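Read the structure below first, then the notes.
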Amino acid sequence: MICNLDSRRFSVAPMMEWTDRHCRFFHRLLTRRALIYTEMITTGAVIHGDRGRLLAHDPAEHPVALQLGGCDPKALAECARIGADFGYTEINLNVGCPSDRVQEGRFGACLMAEPALVGDCVAAMKAAVAVPVTVKCRIGIDDQDPEQALEALTAAVKQAGGDALIVHARKAWLKGLSPRENRDVPPLDYGRVHRLKAAHPGLAIVLNGGITSLAMAAGQLERVDGVMMGRTAYQEPWRLLGVDPFLFGEQEPFATPKAAAEALIPYIERELARGTRLHSITRHVLGLFRGVPGARAFRRHLATEAVKAGAGVATFRDALTLVVDMQYPLAHTAAA
Ligand SMILES: Cc1cc2nc3c(=O)[nH]c(=O)nc-3n(C[C@H](O)[C@H](O)[C@H](O)COP(=O)(O)O)c2cc1C
C-alpha cells in the first residue's frame, strides 16, 4: 500500500512502550485516516532478535509505518527490506531520540551531527524498498544552529530521495537532560519548521511537538504538509475520533467512544485466547472517555481489575457498563 502525501496529513507519533500493536489496533478503530507508527525498533533487534514478534502487526492497522533506529546503511537497508516484506506502509529512520542507550549506539538524535551519514542511510534504504522512506528528526542538537543543522540534514535527506521529513520542532540536548525532559524543556520553534517548508516546497514536511488539539493541527496544516501528534493522542485517545471528520471531511468510524470501545471486544477475545494479558490491551484505553459520566469509574475499574492474573473480557465489559454512551460534539473533539 503506497502512502500518499494526503495520508500524512495527520499521524500518531512513534512512542516506545506506548504504540505497541495493541495500541495501534485500538487507535485504528478511532481513525481510518491517520498514519500510525510503531515504536522504534533497532536494526540489531530486527536482525538478531525475535523478528516475528517484534514486527508482527494486524492487517487492520494499515496504514502503519515502521520506525527503525540505527546508523549503518547496510543494516538499515536490510531491515527496511524486512519491514517492507512484513507489509509496513512506510519505513522511518529515527534521528531524534536522545537516550543514553541510543547515544552509545551513535544513532537517534546524534545523527543530527552527521547529515552525510543520514543521507547514506536513506539512499541505502530507498534502494532496498519500494515503499516510502522517511526521517524523523529534531531542529538540532546541543549547540548546533538550527538554521544550519536542519538545512544540512534536509538537503541530505532530499538528495538521497527521502519521501518526507518529520520534524520534532525543538532541539535535543544530549548531555544533562533525560529523554523525558528532552520532550519538554528545549523550547518549541514552529517558525523554524515553517521556514523549512517554505525553503523546500517539493518535500513533504510534517510538524511534531506540542500539538494538543485537532484545531491546533488544522492551523499548522496551513503551513506544513502534515502534523504528528504524540502524547496527546495517547493520553486522550478520544480526540482521534475527530480526525476523520475534522481533518479529512469523512465520517468518523464510530459515533461514540463507547461504540469504539465495544468494537475492541472481539480483538480482546482473540488476543486473550493467544495468551495476551488483558491489561496489555486495556492500558491503552484508559483515557478514552472525557467529560462523560462514569469516565473515572471506568478507569479505576480497569486499573485495579484488568491487572489481575486471569482477568478476562468480562472485566472490560463490566468497566464499559460504568460509562454513559454519549456523543462528543465535533467542535469539542476538535478544539477542547
Ligand atoms: C513514551 C514516549 C516514547 C517515545 N518513543 C519514541 C520513539 O520510539 N521514537 C521517536 O521517534 N520518538 C519517540 N518519542 C517522541 C515522540 O514521537 C514525539 O516526537 C514527542 O513526544 C513530541 O510530540 P508530542 O509533543 O506530540 O508528544 C516518544 C515519546 C514518548 C512520550
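Numbering starts fresh at 1 for the residues of each chain in the C-alpha cells, the chains themselves are lettered A, B, ... in the order given, and ligands are numbered from 1 as they appear.
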What are the nearest atom pairs, with distances in Å to one decimal, for all residues of chain A that come at most 7 Å from ligand 1, using only C-alpha atoms and all ligand atoms, set out by chain and rising residue number as CSV?
```
residue,atom,partner,partner_atom_place_in_ligand_line,distance
A:Ala13,CA,ligand 1,17 (O),4.3
A:Pro14,CA,ligand 1,17 (O),4.5
A:Met15,CA,ligand 1,5 (N),3.2
A:Met16,CA,ligand 1,5 (N),3.9
A:Glu17,CA,ligand 1,1 (C),6.2
A:Trp18,CA,ligand 1,1 (C),5.9
A:Glu39,CA,ligand 1,8 (O),4.5
A:Met40,CA,ligand 1,8 (O),3.9
A:Asn94,CA,ligand 1,11 (O),5.2
A:Gly96,CA,ligand 1,11 (O),5.7
A:Cys97,CA,ligand 1,10 (C),5.8
A:Lys136,CA,ligand 1,11 (O),6.1
A:His168,CA,ligand 1,19 (O),5.3
A:Arg183,CA,ligand 1,20 (C),5.8
A:Asn208,CA,ligand 1,23 (O),5.4
A:Gly209,CA,ligand 1,25 (O),3.6
A:Gly210,CA,ligand 1,25 (O),3.7
A:Ile211,CA,ligand 1,26 (O),5.2
A:Thr212,CA,ligand 1,26 (O),7.0
A:Met228,CA,ligand 1,26 (O),6.5
A:Met229,CA,ligand 1,26 (O),4.0
A:Gly230,CA,ligand 1,26 (O),3.4
A:Arg231,CA,ligand 1,27 (O),3.7
A:Thr232,CA,ligand 1,26 (O),6.1
```
Which residues, written as a PyMOL selection string, have at least one atom at most 9 Å from Tyr190 (chain A), with only C-alpha atoms counted and residues fewer than 5 positions away on the same chain left out? chain A and resi 169-170+195+207-209+220
Can you spit out the residues from that selection as a JSON list (two decimals), in the first residue's frame, using N, CA and C atoms?
```json
[["chain", "number", "residue", "atom", "x", "y", "z"],
["A", 169, "ALA", "N", 9.81, 19.84, 16.63],
["A", 169, "ALA", "CA", 10.23, 21.23, 16.50],
["A", 169, "ALA", "C", 10.95, 21.78, 17.73],
["A", 170, "ARG", "N", 11.84, 21.01, 18.27],
["A", 170, "ARG", "CA", 12.71, 21.51, 19.35],
["A", 170, "ARG", "C", 14.04, 20.78, 19.27],
["A", 195, "ARG", "N", 9.75, 27.79, 8.10],
["A", 195, "ARG", "CA", 10.78, 28.28, 7.16],
["A", 195, "ARG", "C", 11.35, 27.13, 6.34],
["A", 207, "LEU", "N", 5.09, 18.45, 10.86],
["A", 207, "LEU", "CA", 5.47, 19.12, 12.11],
["A", 207, "LEU", "C", 5.03, 18.28, 13.31],
["A", 208, "ASN", "N", 5.92, 18.14, 14.28],
["A", 208, "ASN", "CA", 5.63, 17.39, 15.50],
["A", 208, "ASN", "C", 6.10, 18.19, 16.71],
["A", 209, "GLY", "N", 5.39, 17.96, 17.83],
["A", 209, "GLY", "CA", 5.80, 18.56, 19.10],
["A", 209, "GLY", "C", 4.77, 19.55, 19.62],
["A", 220, "GLN", "N", -1.82, 24.37, 11.83],
["A", 220, "GLN", "CA", -0.48, 24.08, 11.31],
["A", 220, "GLN", "C", -0.53, 23.55, 9.88]]
```
Cut-off 10 Å: closest region 189-264 of chain A/region 143-156 of chain A atom pairs per residue, using only C-alpha atoms, as a Markdown table:
```
| residue | atom | partner | partner_atom | distance |
| --- | --- | --- | --- | --- |
| A:Asp189 | CA | A:Pro146 | CA | 9.6 |
| A:Arg192 | CA | A:Glu147 | CA | 7.3 |
| A:Val193 | CA | A:Leu150 | CA | 9.0 |
| A:Arg195 | CA | A:Glu147 | CA | 9.1 |
| A:Leu196 | CA | A:Glu151 | CA | 7.3 |
| A:Ala199 | CA | A:Glu151 | CA | 9.1 |
| A:His200 | CA | A:Thr154 | CA | 8.7 |
| A:Leu203 | CA | A:Thr154 | CA | 9.1 |
| A:Ile205 | CA | A:Thr154 | CA | 9.8 |
```
Enumerate, in order of chain and increasing residue number, the residues of region 247-274 of chain A with an atom no farther than 8 Å from region 317-329 of chain A, each with its shortest atom pair and distance in Å to one decimal, counting only C-alpha atoms, as JSON lines.
```
{"residue": "A:Ala255", "atom": "CA", "partner": "A:Gln327", "partner_atom": "CA", "distance": 6.3}
{"residue": "A:Thr256", "atom": "CA", "partner": "A:Gln327", "partner_atom": "CA", "distance": 4.8}
{"residue": "A:Pro257", "atom": "CA", "partner": "A:Gln327", "partner_atom": "CA", "distance": 7.4}
{"residue": "A:Lys258", "atom": "CA", "partner": "A:Asp325", "partner_atom": "CA", "distance": 5.5}
{"residue": "A:Ala259", "atom": "CA", "partner": "A:Asp325", "partner_atom": "CA", "distance": 7.6}
{"residue": "A:Ala261", "atom": "CA", "partner": "A:Leu320", "partner_atom": "CA", "distance": 7.9}
```
Selection file, N, CA and C atoms, as a PDB file, in the first residue's frame:
```pdb
ATOM      1  N   ALA A 255     -19.797   6.549  16.186  1.00  0.00           N
ATOM      2  CA  ALA A 255     -20.463   7.781  16.623  1.00  0.00           C
ATOM      3  C   ALA A 255     -20.055   8.167  18.036  1.00  0.00           C
ATOM      4  N   THR A 256     -19.680   7.176  18.839  1.00  0.00           N
ATOM      5  CA  THR A 256     -19.354   7.490  20.236  1.00  0.00           C
ATOM      6  C   THR A 256     -18.102   6.711  20.667  1.00  0.00           C
ATOM      7  N   PRO A 257     -17.405   7.228  21.665  1.00  0.00           N
ATOM      8  CA  PRO A 257     -16.249   6.486  22.192  1.00  0.00           C
ATOM      9  C   PRO A 257     -16.646   5.111  22.712  1.00  0.00           C
ATOM     10  N   LYS A 258     -17.833   5.029  23.294  1.00  0.00           N
ATOM     11  CA  LYS A 258     -18.240   3.734  23.853  1.00  0.00           C
ATOM     12  C   LYS A 258     -18.430   2.701  22.729  1.00  0.00           C
ATOM     13  N   ALA A 259     -18.983   3.164  21.600  1.00  0.00           N
ATOM     14  CA  ALA A 259     -19.167   2.241  20.465  1.00  0.00           C
ATOM     15  C   ALA A 259     -17.800   1.751  19.976  1.00  0.00           C
ATOM     16  N   ALA A 261     -15.116   1.444  21.806  1.00  0.00           N
ATOM     17  CA  ALA A 261     -14.603   0.516  22.824  1.00  0.00           C
ATOM     18  C   ALA A 261     -15.250  -0.853  22.668  1.00  0.00           C
TER      19      ALA A 261
END
```
What's the separation between CA of Val185 (chain A) and CA of Ile139 (chain A), in Å to one decimal place? 14.0 Å
Would you kindly return, as a PDB file with C-alpha atoms, in the first residue's frame, each protein, DNA or RNA residue with an atom no farther than 9 Å from any atom of Asp142 (chain A), considering only C-alpha atoms and excluding same-chain residues fewer than 2 positions away?
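Result file follows (out01.pdb):
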```pdb
ATOM      1  CA  GLY A 140      19.208  20.488  16.055  1.00  0.00           C
ATOM      2  CA  GLN A 144      24.042  23.455  16.786  1.00  0.00           C
ATOM      3  CA  ASP A 145      22.449  26.373  14.955  1.00  0.00           C
ATOM      4  CA  LYS A 171      16.370  20.754  19.924  1.00  0.00           C
ATOM      5  CA  ALA A 172      17.572  17.702  21.810  1.00  0.00           C
ATOM      6  CA  TRP A 173      20.197  18.342  24.457  1.00  0.00           C
ATOM      7  CA  LEU A 174      22.271  15.201  24.591  1.00  0.00           C
ATOM      8  CA  LYS A 175      24.034  15.940  27.852  1.00  0.00           C
TER       9      LYS A 175
END
```
